[in-house]
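*Asks:* Just so it is clear, I am handing over my_file-v9.tsv, which has TSV, N, CA and C atoms and all ligand atoms.
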```tsv
chain	number	residue	atom	x	y	z
E	1	MET	N	10.89	-27.28	-5.74
E	1	MET	CA	10.69	-26.02	-5.02
E	1	MET	C	9.82	-25.09	-5.83
E	2	LYS	N	10.14	-25.00	-7.14
E	2	LYS	CA	9.36	-24.10	-7.99
E	2	LYS	C	7.91	-24.57	-8.05
E	3	LYS	N	7.77	-25.87	-8.18
E	3	LYS	CA	6.42	-26.45	-8.24
E	3	LYS	C	5.66	-26.12	-6.96
E	4	PHE	N	6.35	-26.27	-5.85
E	4	PHE	CA	5.73	-26.01	-4.55
E	4	PHE	C	5.27	-24.55	-4.46
E	5	LEU	N	6.14	-23.64	-4.90
E	5	LEU	CA	5.80	-22.22	-4.84
E	5	LEU	C	4.56	-21.92	-5.66
E	6	ILE	N	4.51	-22.51	-6.86
E	6	ILE	CA	3.35	-22.27	-7.72
E	6	ILE	C	2.08	-22.77	-7.02
E	7	ALA	N	2.19	-23.96	-6.42
E	7	ALA	CA	1.03	-24.53	-5.73
E	7	ALA	C	0.64	-23.64	-4.55
E	8	ALA	N	1.62	-23.15	-3.81
E	8	ALA	CA	1.34	-22.32	-2.64
E	8	ALA	C	0.66	-21.02	-3.06
E	9	VAL	N	1.17	-20.43	-4.11
E	9	VAL	CA	0.60	-19.17	-4.58
E	9	VAL	C	-0.83	-19.40	-5.07
E	10	ALA	N	-1.03	-20.51	-5.80
E	10	ALA	CA	-2.36	-20.81	-6.30
E	10	ALA	C	-3.32	-21.02	-5.14
E	11	ALA	N	-2.88	-21.77	-4.13
E	11	ALA	CA	-3.74	-22.03	-2.98
E	11	ALA	C	-4.06	-20.74	-2.26
E	12	ALA	N	-3.06	-19.89	-2.10
E	12	ALA	CA	-3.28	-18.63	-1.41
E	12	ALA	C	-4.29	-17.79	-2.18
E	13	GLY	N	-4.20	-17.80	-3.48
E	13	GLY	CA	-5.13	-17.04	-4.30
E	13	GLY	C	-6.56	-17.51	-4.11
E	14	VAL	N	-6.74	-18.82	-4.04
E	14	VAL	CA	-8.08	-19.37	-3.86
E	14	VAL	C	-8.61	-19.00	-2.48
E	15	LEU	N	-7.76	-19.18	-1.46
E	15	LEU	CA	-8.20	-18.92	-0.09
E	15	LEU	C	-8.47	-17.44	0.14
E	16	ALA	N	-7.73	-16.59	-0.56
E	16	ALA	CA	-7.84	-15.17	-0.31
E	16	ALA	C	-9.19	-14.62	-0.74
E	17	GLY	N	-9.90	-15.33	-1.61
E	17	GLY	CA	-11.22	-14.88	-2.02
E	17	GLY	C	-11.17	-13.52	-2.67
E	18	ALA	N	-11.54	-12.51	-1.89
E	18	ALA	CA	-11.60	-11.15	-2.42
E	18	ALA	C	-10.24	-10.70	-2.95
E	19	ASN	N	-9.18	-11.26	-2.38
E	19	ASN	CA	-7.85	-10.86	-2.79
E	19	ASN	C	-7.31	-11.72	-3.93
E	20	ALA	N	-8.14	-12.60	-4.48
E	20	ALA	CA	-7.66	-13.52	-5.50
E	20	ALA	C	-6.91	-12.75	-6.57
E	21	GLY	N	-5.80	-13.29	-6.98
E	21	GLY	CA	-5.02	-12.60	-7.99
E	21	GLY	C	-3.82	-11.92	-7.38
E	22	ALA	N	-3.96	-11.44	-6.18
E	22	ALA	CA	-2.82	-10.85	-5.50
E	22	ALA	C	-1.98	-12.00	-4.94
E	23	ALA	N	-0.92	-12.33	-5.61
E	23	ALA	CA	-0.12	-13.48	-5.20
E	23	ALA	C	0.57	-13.21	-3.87
E	24	VAL	N	0.37	-14.11	-2.94
E	24	VAL	CA	1.03	-13.97	-1.65
E	24	VAL	C	2.15	-14.98	-1.57
E	25	ASP	N	3.34	-14.53	-1.32
E	25	ASP	CA	4.46	-15.43	-1.16
E	25	ASP	C	4.52	-15.83	0.32
E	26	ALA	N	3.82	-16.91	0.64
E	26	ALA	CA	3.66	-17.30	2.04
E	26	ALA	C	5.00	-17.62	2.70
E	27	ALA	N	5.88	-18.26	1.94
E	27	ALA	CA	7.16	-18.64	2.54
E	27	ALA	C	7.96	-17.40	2.94
E	28	LYS	N	7.94	-16.40	2.06
E	28	LYS	CA	8.67	-15.16	2.34
E	28	LYS	C	8.01	-14.41	3.51
E	29	ALA	N	6.69	-14.36	3.49
E	29	ALA	CA	5.98	-13.64	4.54
E	29	ALA	C	6.24	-14.26	5.91
E	30	LYS	N	6.26	-15.57	5.94
E	30	LYS	CA	6.49	-16.26	7.21
E	30	LYS	C	7.91	-15.99	7.72
E	31	GLN	N	8.84	-15.95	6.77
E	31	GLN	CA	10.22	-15.62	7.14
E	31	GLN	C	10.29	-14.23	7.76
E	32	LEU	N	9.57	-13.28	7.15
E	32	LEU	CA	9.55	-11.91	7.67
E	32	LEU	C	8.95	-11.88	9.07
E	33	ALA	N	7.85	-12.58	9.24
E	33	ALA	CA	7.15	-12.58	10.53
E	33	ALA	C	8.04	-13.16	11.62
E	34	THR	N	8.87	-14.12	11.24
E	34	THR	CA	9.81	-14.70	12.21
E	34	THR	C	10.92	-13.70	12.51
E	35	LYS	N	11.44	-13.09	11.42
E	35	LYS	CA	12.53	-12.12	11.57
E	35	LYS	C	12.12	-10.94	12.45
E	36	TYR	N	10.89	-10.45	12.27
E	36	TYR	CA	10.45	-9.28	13.02
E	36	TYR	C	9.80	-9.63	14.36
E	37	ASN	N	9.92	-10.90	14.76
E	37	ASN	CA	9.44	-11.32	16.08
E	37	ASN	C	7.94	-11.35	16.24
E	38	CYS	N	7.20	-11.25	15.15
E	38	CYS	CA	5.74	-11.36	15.24
E	38	CYS	C	5.37	-12.69	15.88
E	39	MET	N	6.16	-13.74	15.56
E	39	MET	CA	5.81	-15.08	16.00
E	39	MET	C	6.09	-15.29	17.49
E	40	ALA	N	6.70	-14.28	18.14
E	40	ALA	CA	6.85	-14.36	19.59
E	40	ALA	C	5.50	-14.19	20.27
E	41	CYS	N	4.59	-13.46	19.61
E	41	CYS	CA	3.27	-13.19	20.19
E	41	CYS	C	2.13	-13.80	19.39
E	42	HIS	N	2.42	-14.22	18.16
E	42	HIS	CA	1.37	-14.77	17.30
E	42	HIS	C	1.75	-16.15	16.80
E	43	ALA	N	0.74	-16.99	16.54
E	43	ALA	CA	0.93	-18.24	15.81
E	43	ALA	C	-0.13	-18.28	14.73
E	44	GLU	N	0.06	-19.17	13.76
E	44	GLU	CA	-0.90	-19.21	12.66
E	44	GLU	C	-2.28	-19.68	13.13
E	45	ASP	N	-2.29	-20.71	14.00
E	45	ASP	CA	-3.60	-21.29	14.30
E	45	ASP	C	-3.90	-21.43	15.78
E	46	LYS	N	-3.12	-20.75	16.62
E	46	LYS	CA	-3.56	-20.68	18.02
E	46	LYS	C	-3.20	-19.35	18.65
E	47	LYS	N	-3.97	-18.99	19.67
E	47	LYS	CA	-3.77	-17.72	20.34
E	47	LYS	C	-2.52	-17.81	21.22
E	48	LEU	N	-1.64	-16.83	21.12
E	48	LEU	CA	-0.54	-16.74	22.08
E	48	LEU	C	-0.80	-15.48	22.89
E	49	VAL	N	0.07	-14.48	22.79
E	49	VAL	CA	-0.23	-13.19	23.42
E	49	VAL	C	-1.27	-12.47	22.57
E	50	GLY	N	-1.08	-12.54	21.26
E	50	GLY	CA	-2.02	-11.96	20.32
E	50	GLY	C	-2.85	-13.05	19.66
E	51	PRO	N	-3.84	-12.63	18.86
E	51	PRO	CA	-4.74	-13.59	18.22
E	51	PRO	C	-4.04	-14.45	17.17
E	52	ALA	N	-4.56	-15.67	16.95
E	52	ALA	CA	-4.07	-16.53	15.86
E	52	ALA	C	-4.30	-15.81	14.54
E	53	PHE	N	-3.33	-15.89	13.64
E	53	PHE	CA	-3.48	-15.20	12.36
E	53	PHE	C	-4.69	-15.73	11.59
E	54	LYS	N	-5.01	-17.01	11.76
E	54	LYS	CA	-6.20	-17.54	11.07
E	54	LYS	C	-7.48	-16.89	11.59
E	55	GLU	N	-7.51	-16.58	12.89
E	55	GLU	CA	-8.67	-15.90	13.46
E	55	GLU	C	-8.77	-14.47	12.91
E	56	VAL	N	-7.61	-13.83	12.75
E	56	VAL	CA	-7.59	-12.48	12.19
E	56	VAL	C	-8.17	-12.52	10.77
E	57	ALA	N	-7.73	-13.51	9.98
E	57	ALA	CA	-8.22	-13.63	8.60
E	57	ALA	C	-9.73	-13.82	8.59
E	58	LYS	N	-10.23	-14.65	9.51
E	58	LYS	CA	-11.66	-14.93	9.56
E	58	LYS	C	-12.44	-13.66	9.90
E	59	LYS	N	-11.93	-12.92	10.88
E	59	LYS	CA	-12.63	-11.72	11.36
E	59	LYS	C	-12.79	-10.68	10.25
E	60	TYR	N	-11.76	-10.56	9.40
E	60	TYR	CA	-11.78	-9.47	8.40
E	60	TYR	C	-12.10	-9.96	7.00
E	61	LYS	N	-12.64	-11.20	6.91
E	61	LYS	CA	-12.89	-11.83	5.61
E	61	LYS	C	-13.71	-10.94	4.68
E	62	SER	N	-14.73	-10.29	5.23
E	62	SER	CA	-15.61	-9.52	4.35
E	62	SER	C	-15.37	-8.02	4.47
E	63	ASP	N	-14.22	-7.66	5.03
E	63	ASP	CA	-13.87	-6.25	5.19
E	63	ASP	C	-12.86	-5.85	4.11
E	64	ALA	N	-13.35	-5.13	3.09
E	64	ALA	CA	-12.50	-4.79	1.94
E	64	ALA	C	-11.35	-3.86	2.35
E	65	GLY	N	-11.53	-3.10	3.42
E	65	GLY	CA	-10.49	-2.16	3.82
E	65	GLY	C	-9.56	-2.71	4.88
E	66	ALA	N	-9.60	-4.03	5.08
E	66	ALA	CA	-8.85	-4.63	6.19
E	66	ALA	C	-7.33	-4.46	6.04
E	67	ALA	N	-6.81	-4.62	4.80
E	67	ALA	CA	-5.35	-4.63	4.64
E	67	ALA	C	-4.70	-3.33	5.12
E	68	PRO	N	-5.14	-2.16	4.63
E	68	PRO	CA	-4.50	-0.93	5.11
E	68	PRO	C	-4.74	-0.69	6.61
E	69	LYS	N	-5.92	-1.08	7.09
E	69	LYS	CA	-6.24	-0.89	8.51
E	69	LYS	C	-5.29	-1.71	9.37
E	70	LEU	N	-5.10	-2.97	9.01
E	70	LEU	CA	-4.23	-3.85	9.80
E	70	LEU	C	-2.77	-3.44	9.66
E	71	ALA	N	-2.38	-2.97	8.47
E	71	ALA	CA	-1.00	-2.52	8.29
E	71	ALA	C	-0.72	-1.36	9.24
E	72	GLY	N	-1.67	-0.45	9.36
E	72	GLY	CA	-1.52	0.69	10.26
E	72	GLY	C	-1.41	0.25	11.70
E	73	LYS	N	-2.18	-0.77	12.05
E	73	LYS	CA	-2.16	-1.27	13.42
E	73	LYS	C	-0.84	-1.97	13.75
E	74	VAL	N	-0.33	-2.74	12.77
E	74	VAL	CA	0.94	-3.43	12.99
E	74	VAL	C	2.04	-2.39	13.20
E	75	LYS	N	2.02	-1.36	12.38
E	75	LYS	CA	3.04	-0.32	12.46
E	75	LYS	C	2.96	0.48	13.77
E	76	GLY	N	1.75	0.97	14.06
E	76	GLY	CA	1.60	1.89	15.20
E	76	GLY	C	1.23	1.23	16.51
E	77	GLY	N	0.84	-0.06	16.45
E	77	GLY	CA	0.39	-0.74	17.65
E	77	GLY	C	-1.04	-0.35	18.00
E	78	GLY	N	-1.56	-0.90	19.07
E	78	GLY	CA	-2.92	-0.57	19.47
E	78	GLY	C	-3.58	-1.76	20.10
E	79	GLY	N	-4.76	-1.55	20.65
E	79	GLY	CA	-5.43	-2.65	21.34
E	79	GLY	C	-6.93	-2.49	21.33
E	80	GLY	N	-7.57	-3.35	22.12
E	80	GLY	CA	-9.01	-3.23	22.32
E	80	GLY	C	-9.85	-4.03	21.35
E	81	VAL	N	-9.24	-4.67	20.36
E	81	VAL	CA	-10.03	-5.45	19.42
E	81	VAL	C	-10.16	-6.90	19.88
E	82	TRP	N	-9.07	-7.47	20.39
E	82	TRP	CA	-9.04	-8.89	20.72
E	82	TRP	C	-9.02	-9.14	22.23
E	83	GLY	N	-8.89	-8.11	22.99
E	83	GLY	CA	-8.82	-8.31	24.44
E	83	GLY	C	-8.16	-7.10	25.06
E	84	SER	N	-7.68	-7.27	26.29
E	84	SER	CA	-7.16	-6.11	26.99
E	84	SER	C	-5.67	-5.91	26.77
E	85	ILE	N	-4.99	-6.89	26.16
E	85	ILE	CA	-3.56	-6.74	25.93
E	85	ILE	C	-3.34	-5.98	24.63
E	86	PRO	N	-2.59	-4.87	24.66
E	86	PRO	CA	-2.33	-4.13	23.41
E	86	PRO	C	-1.13	-4.70	22.66
E	87	MET	N	-1.06	-4.42	21.37
E	87	MET	CA	0.14	-4.76	20.59
E	87	MET	C	1.03	-3.53	20.55
E	88	PRO	N	2.31	-3.69	20.87
E	88	PRO	CA	3.22	-2.54	20.81
E	88	PRO	C	3.48	-2.16	19.35
E	89	PRO	N	3.93	-0.93	19.08
E	89	PRO	CA	4.29	-0.56	17.71
E	89	PRO	C	5.44	-1.44	17.21
E	90	ASN	N	5.46	-1.74	15.92
E	90	ASN	CA	6.53	-2.55	15.34
E	90	ASN	C	7.29	-1.72	14.31
E	91	ASN	N	8.58	-1.60	14.51
E	91	ASN	CA	9.41	-0.81	13.62
E	91	ASN	C	9.82	-1.65	12.41
E	92	VAL	N	8.91	-1.74	11.42
E	92	VAL	CA	9.09	-2.62	10.27
E	92	VAL	C	8.79	-1.80	9.01
E	93	PRO	N	9.59	-1.94	7.95
E	93	PRO	CA	9.33	-1.20	6.71
E	93	PRO	C	7.94	-1.52	6.13
E	94	GLU	N	7.29	-0.48	5.56
E	94	GLU	CA	5.92	-0.60	5.02
E	94	GLU	C	5.75	-1.81	4.10
E	95	GLY	N	6.73	-2.00	3.20
E	95	GLY	CA	6.61	-3.07	2.22
E	95	GLY	C	6.55	-4.45	2.87
E	96	ASP	N	7.33	-4.63	3.91
E	96	ASP	CA	7.33	-5.90	4.62
E	96	ASP	C	6.03	-6.09	5.40
E	97	ILE	N	5.52	-4.99	5.97
E	97	ILE	CA	4.23	-5.08	6.67
E	97	ILE	C	3.15	-5.51	5.70
E	98	LYS	N	3.16	-4.90	4.50
E	98	LYS	CA	2.16	-5.22	3.49
E	98	LYS	C	2.21	-6.72	3.14
E	99	THR	N	3.42	-7.23	2.93
E	99	THR	CA	3.58	-8.66	2.60
E	99	THR	C	3.00	-9.53	3.71
E	100	MET	N	3.30	-9.19	4.95
E	100	MET	CA	2.83	-10.02	6.07
E	100	MET	C	1.32	-9.91	6.23
E	101	VAL	N	0.76	-8.72	6.07
E	101	VAL	CA	-0.69	-8.56	6.23
E	101	VAL	C	-1.43	-9.32	5.13
E	102	GLU	N	-0.91	-9.27	3.91
E	102	GLU	CA	-1.55	-10.03	2.82
E	102	GLU	C	-1.53	-11.53	3.13
E	103	TRP	N	-0.40	-11.96	3.68
E	103	TRP	CA	-0.25	-13.38	4.05
E	103	TRP	C	-1.28	-13.74	5.14
E	104	ILE	N	-1.36	-12.90	6.16
E	104	ILE	CA	-2.29	-13.18	7.27
E	104	ILE	C	-3.72	-13.23	6.74
E	105	LEU	N	-4.10	-12.26	5.92
E	105	LEU	CA	-5.47	-12.21	5.42
E	105	LEU	C	-5.77	-13.35	4.45
E	106	SER	N	-4.74	-13.99	3.90
E	106	SER	CA	-4.97	-15.06	2.94
E	106	SER	C	-5.17	-16.41	3.63
E	107	MET	N	-5.06	-16.45	4.96
E	107	MET	CA	-5.14	-17.75	5.67
E	107	MET	C	-6.55	-18.31	5.72
G	201	LIG	C1	4.42	-8.16	22.14
G	201	LIG	C2	3.49	-9.04	21.44
G	201	LIG	C3	3.20	-8.79	19.97
G	201	LIG	C4	4.08	-8.67	18.92
G	201	LIG	C5	5.61	-8.70	18.96
G	201	LIG	C6	3.26	-8.56	17.73
G	201	LIG	N1	1.94	-8.58	18.04
G	201	LIG	FE1	0.39	-8.46	16.72
G	201	LIG	N2	-0.92	-8.39	18.29
G	201	LIG	C7	-0.59	-8.52	19.64
G	201	LIG	C8	-1.78	-8.35	20.43
G	201	LIG	C9	-1.85	-8.44	21.97
G	201	LIG	C10	-2.84	-8.10	19.53
G	201	LIG	C11	-4.32	-7.80	19.85
G	201	LIG	C12	-4.52	-6.28	19.91
G	201	LIG	C13	-5.97	-5.89	20.06
G	201	LIG	O1	-6.71	-6.51	20.81
G	201	LIG	O2	-6.38	-4.91	19.41
G	201	LIG	C14	-2.27	-8.15	18.18
G	201	LIG	C15	-2.99	-7.98	17.02
G	201	LIG	C16	-2.49	-8.17	15.73
G	201	LIG	C17	-3.27	-8.12	14.51
G	201	LIG	C18	-4.78	-7.89	14.44
G	201	LIG	C19	-5.07	-6.40	14.65
G	201	LIG	C20	-6.55	-6.05	14.70
G	201	LIG	O3	-6.82	-4.85	14.87
G	201	LIG	O4	-7.41	-6.92	14.56
G	201	LIG	C21	-2.40	-8.32	13.47
G	201	LIG	C22	-2.73	-8.36	11.98
G	201	LIG	C23	-1.08	-8.47	14.04
G	201	LIG	N3	-1.17	-8.37	15.40
G	201	LIG	C24	0.08	-8.69	13.31
G	201	LIG	C25	1.36	-8.63	13.85
G	201	LIG	C26	2.57	-8.61	13.05
G	201	LIG	C27	2.63	-8.72	11.53
G	201	LIG	C28	3.62	-8.52	13.92
G	201	LIG	C29	5.11	-8.42	13.62
G	201	LIG	C30	5.56	-7.24	12.91
G	201	LIG	C31	3.05	-8.50	15.28
G	201	LIG	N4	1.69	-8.56	15.18
G	201	LIG	C32	3.79	-8.44	16.45
G	201	LIG	C33	0.67	-8.78	20.14
G	201	LIG	C34	1.86	-8.71	19.41
```
Output the file's structure as structure tokens, nothing else.
Ligand code: HEC
*Replies:*
Amino acid sequence: MKKFLIAAVAAAGVLAGANAGAAVDAAKAKQLATKYNCMACHAEDKKLVGPAFKEVAKKYKSDAGAAPKLAGKVKGGGGGVWGSIPMPPNNVPEGDIKTMVEWILSM
């Protein structure tokens, strides 16, 4: 398990590019996303109600300010970026939002 975590963190660091060094605990982030029902509308690699998280990562790859912007959107909700369906506000603590957004952007 420990070995796996190290490998996952290393892989996330490489994939994150601009975020390299900011260790993302993917297993924890995924657990949070499940707990807060994000996965009812999102999947990692296909569109459900909302965009695939991998598509989100691709879209904001070269946007240095993406993390705070997306955190604000997850918290307050909003629409118009991916289509006509808006995302409702999510009542989730800031720290957990940050963990999930880092995970999404690292995909
Ligand atoms: C009721 C369905 C629903 C739930 C629940 C939901 N989302 Fe979304 N999400 C959407 C939709 C629809 C969009 C596209 C909004 C748009 O076009 O601007 C979206 C967009 C996003 C984006 C991209 C925002 C952008 O501006 O590009 C992120 C990141 C995201 N969601 C993360 C989350 C996280 C994390 C959670 C859990 C706390 C969550 N979502 C819960 C439906 C949902």
*Asks:* Within 8 Å of His42 of chain E, counting only C-alpha atoms, which residues show up once you throw out same-chain ones fewer than 4 positions away? Write them as a list in words, please.
*Replies:*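 Residues near the query, excluding close chain neighbours: Cys38, Lys46, Lys47, Leu48, Val49, Gly50, Pro51, Ala52 and Phe53 of chain E.
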*Asks:* Take the residues from that selection and put them in a file with N, CA and C atoms, as a PDB file, keeping the file's coordinate frame.
*Replies:*
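Saved as selection.pdb:
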```pdb
ATOM      1  N   CYS E  38       7.200 -11.250  15.150  1.00  0.00           N
ATOM      2  CA  CYS E  38       5.740 -11.360  15.240  1.00  0.00           C
ATOM      3  C   CYS E  38       5.370 -12.690  15.880  1.00  0.00           C
ATOM      4  N   LYS E  46      -3.120 -20.750  16.620  1.00  0.00           N
ATOM      5  CA  LYS E  46      -3.560 -20.680  18.020  1.00  0.00           C
ATOM      6  C   LYS E  46      -3.200 -19.350  18.650  1.00  0.00           C
ATOM      7  N   LYS E  47      -3.970 -18.990  19.670  1.00  0.00           N
ATOM      8  CA  LYS E  47      -3.770 -17.720  20.340  1.00  0.00           C
ATOM      9  C   LYS E  47      -2.520 -17.810  21.220  1.00  0.00           C
ATOM     10  N   LEU E  48      -1.640 -16.830  21.120  1.00  0.00           N
ATOM     11  CA  LEU E  48      -0.540 -16.740  22.080  1.00  0.00           C
ATOM     12  C   LEU E  48      -0.800 -15.480  22.890  1.00  0.00           C
ATOM     13  N   VAL E  49       0.070 -14.480  22.790  1.00  0.00           N
ATOM     14  CA  VAL E  49      -0.230 -13.190  23.420  1.00  0.00           C
ATOM     15  C   VAL E  49      -1.270 -12.470  22.570  1.00  0.00           C
ATOM     16  N   GLY E  50      -1.080 -12.540  21.260  1.00  0.00           N
ATOM     17  CA  GLY E  50      -2.020 -11.960  20.320  1.00  0.00           C
ATOM     18  C   GLY E  50      -2.850 -13.050  19.660  1.00  0.00           C
ATOM     19  N   PRO E  51      -3.840 -12.630  18.860  1.00  0.00           N
ATOM     20  CA  PRO E  51      -4.740 -13.590  18.220  1.00  0.00           C
ATOM     21  C   PRO E  51      -4.040 -14.450  17.170  1.00  0.00           C
ATOM     22  N   ALA E  52      -4.560 -15.670  16.950  1.00  0.00           N
ATOM     23  CA  ALA E  52      -4.070 -16.530  15.860  1.00  0.00           C
ATOM     24  C   ALA E  52      -4.300 -15.810  14.540  1.00  0.00           C
ATOM     25  N   PHE E  53      -3.330 -15.890  13.640  1.00  0.00           N
ATOM     26  CA  PHE E  53      -3.480 -15.200  12.360  1.00  0.00           C
ATOM     27  C   PHE E  53      -4.690 -15.730  11.590  1.00  0.00           C
TER      28      PHE E  53
END
```
*Asks:* Report, in Å with one decimal, the straight-line distance from atom CA of Ala33 of chain E to atom O1 of ligand LIG 201 (chain G).
*Replies:*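 So the answer is 18.3 Å.
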*Asks:* Restricting the calculation to only C-alpha atoms and all ligand atoms, which member of E:Met107, E:Val24, E:Ile85, E:Ala64 is positioned closest to ligand LIG 201 (chain G)?
*Replies:*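 Result for the nearest residue to ligand LIG 201 (chain G): E:Ile85.
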*Asks:* Per residue of chain E within 6 Å of ligand LIG 201 (chain G), which atom pair is closest and at what distance in Å (one decimal), using all atoms listed in the file, listed by chain and increasing number, as a tab-separated table?
*Replies:*
```
residue	atom	partner	partner_atom	distance
E:Ala33	CA	G:LIG201	C29	5.6
E:Tyr36	C	G:LIG201	C29	4.9
E:Asn37	C	G:LIG201	C5	4.5
E:Cys38	CA	G:LIG201	C29	3.4
E:Met39	N	G:LIG201	C29	5.8
E:Ala40	C	G:LIG201	C5	5.6
E:Cys41	CA	G:LIG201	C2	4.3
E:His42	N	G:LIG201	N1	5.7
E:Val49	C	G:LIG201	C9	4.1
E:Gly50	CA	G:LIG201	C8	3.6
E:Pro51	N	G:LIG201	C10	4.7
E:Val56	CA	G:LIG201	C18	5.8
E:Leu70	CA	G:LIG201	C22	5.2
E:Val74	CA	G:LIG201	C25	5.3
E:Gly78	C	G:LIG201	O2	4.3
E:Gly79	CA	G:LIG201	O2	3.1
E:Gly80	N	G:LIG201	O2	3.3
E:Val81	N	G:LIG201	O2	3.0
E:Trp82	N	G:LIG201	O1	2.6
E:Gly83	N	G:LIG201	O1	3.5
E:Ser84	N	G:LIG201	O1	5.6
E:Ile85	C	G:LIG201	C9	3.9
E:Pro86	C	G:LIG201	C9	3.9
E:Met87	CA	G:LIG201	C7	3.9
E:Pro88	N	G:LIG201	C1	5.1
E:Asn90	CA	G:LIG201	C30	5.4
E:Met100	C	G:LIG201	C27	5.6
E:Val101	N	G:LIG201	C27	5.8
```
*Asks:* List as a list in words: which residues have an atom within 7 Å of (2.4, -11.1, 0.2), counting only C-alpha atoms?
*Replies:*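 Those residues lying close to the given coordinates are Ala23, Val24, Asp25, Ala26, Ala29, Lys98, Thr99, Met100, Glu102 and Trp103 of chain E.
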*Asks:* Given the selection you just returned, output its residues as a file containing N, CA and C atoms, formatted as a PDB file, in the frame of the given file.
*Replies:*
```pdb
ATOM      1  N   ALA E  23      -0.920 -12.330  -5.610  1.00  0.00           N
ATOM      2  CA  ALA E  23      -0.120 -13.480  -5.200  1.00  0.00           C
ATOM      3  C   ALA E  23       0.570 -13.210  -3.870  1.00  0.00           C
ATOM      4  N   VAL E  24       0.370 -14.110  -2.940  1.00  0.00           N
ATOM      5  CA  VAL E  24       1.030 -13.970  -1.650  1.00  0.00           C
ATOM      6  C   VAL E  24       2.150 -14.980  -1.570  1.00  0.00           C
ATOM      7  N   ASP E  25       3.340 -14.530  -1.320  1.00  0.00           N
ATOM      8  CA  ASP E  25       4.460 -15.430  -1.160  1.00  0.00           C
ATOM      9  C   ASP E  25       4.520 -15.830   0.320  1.00  0.00           C
ATOM     10  N   ALA E  26       3.820 -16.910   0.640  1.00  0.00           N
ATOM     11  CA  ALA E  26       3.660 -17.300   2.040  1.00  0.00           C
ATOM     12  C   ALA E  26       5.000 -17.620   2.700  1.00  0.00           C
ATOM     13  N   ALA E  29       6.690 -14.360   3.490  1.00  0.00           N
ATOM     14  CA  ALA E  29       5.980 -13.640   4.540  1.00  0.00           C
ATOM     15  C   ALA E  29       6.240 -14.260   5.910  1.00  0.00           C
ATOM     16  N   LYS E  98       3.160  -4.900   4.500  1.00  0.00           N
ATOM     17  CA  LYS E  98       2.160  -5.220   3.490  1.00  0.00           C
ATOM     18  C   LYS E  98       2.210  -6.720   3.140  1.00  0.00           C
ATOM     19  N   THR E  99       3.420  -7.230   2.930  1.00  0.00           N
ATOM     20  CA  THR E  99       3.580  -8.660   2.600  1.00  0.00           C
ATOM     21  C   THR E  99       3.000  -9.530   3.710  1.00  0.00           C
ATOM     22  N   MET E 100       3.300  -9.190   4.950  1.00  0.00           N
ATOM     23  CA  MET E 100       2.830 -10.020   6.070  1.00  0.00           C
ATOM     24  C   MET E 100       1.320  -9.910   6.230  1.00  0.00           C
ATOM     25  N   GLU E 102      -0.910  -9.270   3.910  1.00  0.00           N
ATOM     26  CA  GLU E 102      -1.550 -10.030   2.820  1.00  0.00           C
ATOM     27  C   GLU E 102      -1.530 -11.530   3.130  1.00  0.00           C
ATOM     28  N   TRP E 103      -0.400 -11.960   3.680  1.00  0.00           N
ATOM     29  CA  TRP E 103      -0.250 -13.380   4.050  1.00  0.00           C
ATOM     30  C   TRP E 103      -1.280 -13.740   5.140  1.00  0.00           C
TER      31      TRP E 103
END
```
*Asks:* Report the distance between atom N of Asp96 of chain E and atom CA of Gly65 of chain E in Å, rounded to one decimal place.
*Replies:*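 Going from atom N of Asp96 of chain E over to atom CA of Gly65 of chain E covers 18.0 Å.
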*Asks:* Atom CA of Ser62 of chain E and atom C of Ser106 of chain E are how many Å apart?
*Replies:*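 If I compute the distance from atom CA of Ser62 of chain E to atom C of Ser106 of chain E, I get 12.5 Å.
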*Asks:* Given 4 Å of margin on each side, can you work out the centre and size in Å (one decimal) of an axis-aligned box holding every listed atom of segment 75-93 of chain E, as AutoDock Vina command-line options?
*Replies:*
```
--center_x -0.2 --center_y -3.6 --center_z 16.6 --size_x 28.0 --size_y 19.0 --size_z 28.9
```
*Asks:* Please extract segment 77-85 of chain E and write it out with N, CA and C atoms, as a CSV table (one decimal), in the first residue's frame.
*Replies:*
```
chain,number,residue,atom,x,y,z
E,77,GLY,N,-21.1,27.0,-7.4
E,77,GLY,CA,-21.9,26.6,-8.6
E,77,GLY,C,-21.7,27.5,-9.8
E,78,GLY,N,-22.4,27.2,-10.9
E,78,GLY,CA,-22.3,28.1,-12.0
E,78,GLY,C,-22.4,27.3,-13.3
E,79,GLY,N,-22.5,28.0,-14.4
E,79,GLY,CA,-22.6,27.3,-15.7
E,79,GLY,C,-22.1,28.1,-16.8
E,80,GLY,N,-22.3,27.6,-18.0
E,80,GLY,CA,-22.0,28.3,-19.2
E,80,GLY,C,-20.6,28.0,-19.8
E,81,VAL,N,-19.8,27.2,-19.1
E,81,VAL,CA,-18.5,26.8,-19.7
E,81,VAL,C,-18.6,25.6,-20.5
E,82,TRP,N,-19.3,24.6,-20.1
E,82,TRP,CA,-19.3,23.3,-20.7
E,82,TRP,C,-20.7,23.0,-21.5
E,83,GLY,N,-21.6,23.8,-21.3
E,83,GLY,CA,-22.9,23.6,-21.9
E,83,GLY,C,-24.0,24.4,-21.2
E,84,SER,N,-25.2,24.0,-21.4
E,84,SER,CA,-26.3,24.8,-20.9
E,84,SER,C,-26.7,24.3,-19.5
E,85,ILE,N,-26.2,23.1,-19.0
E,85,ILE,CA,-26.6,22.7,-17.7
E,85,ILE,C,-25.6,23.3,-16.7
```
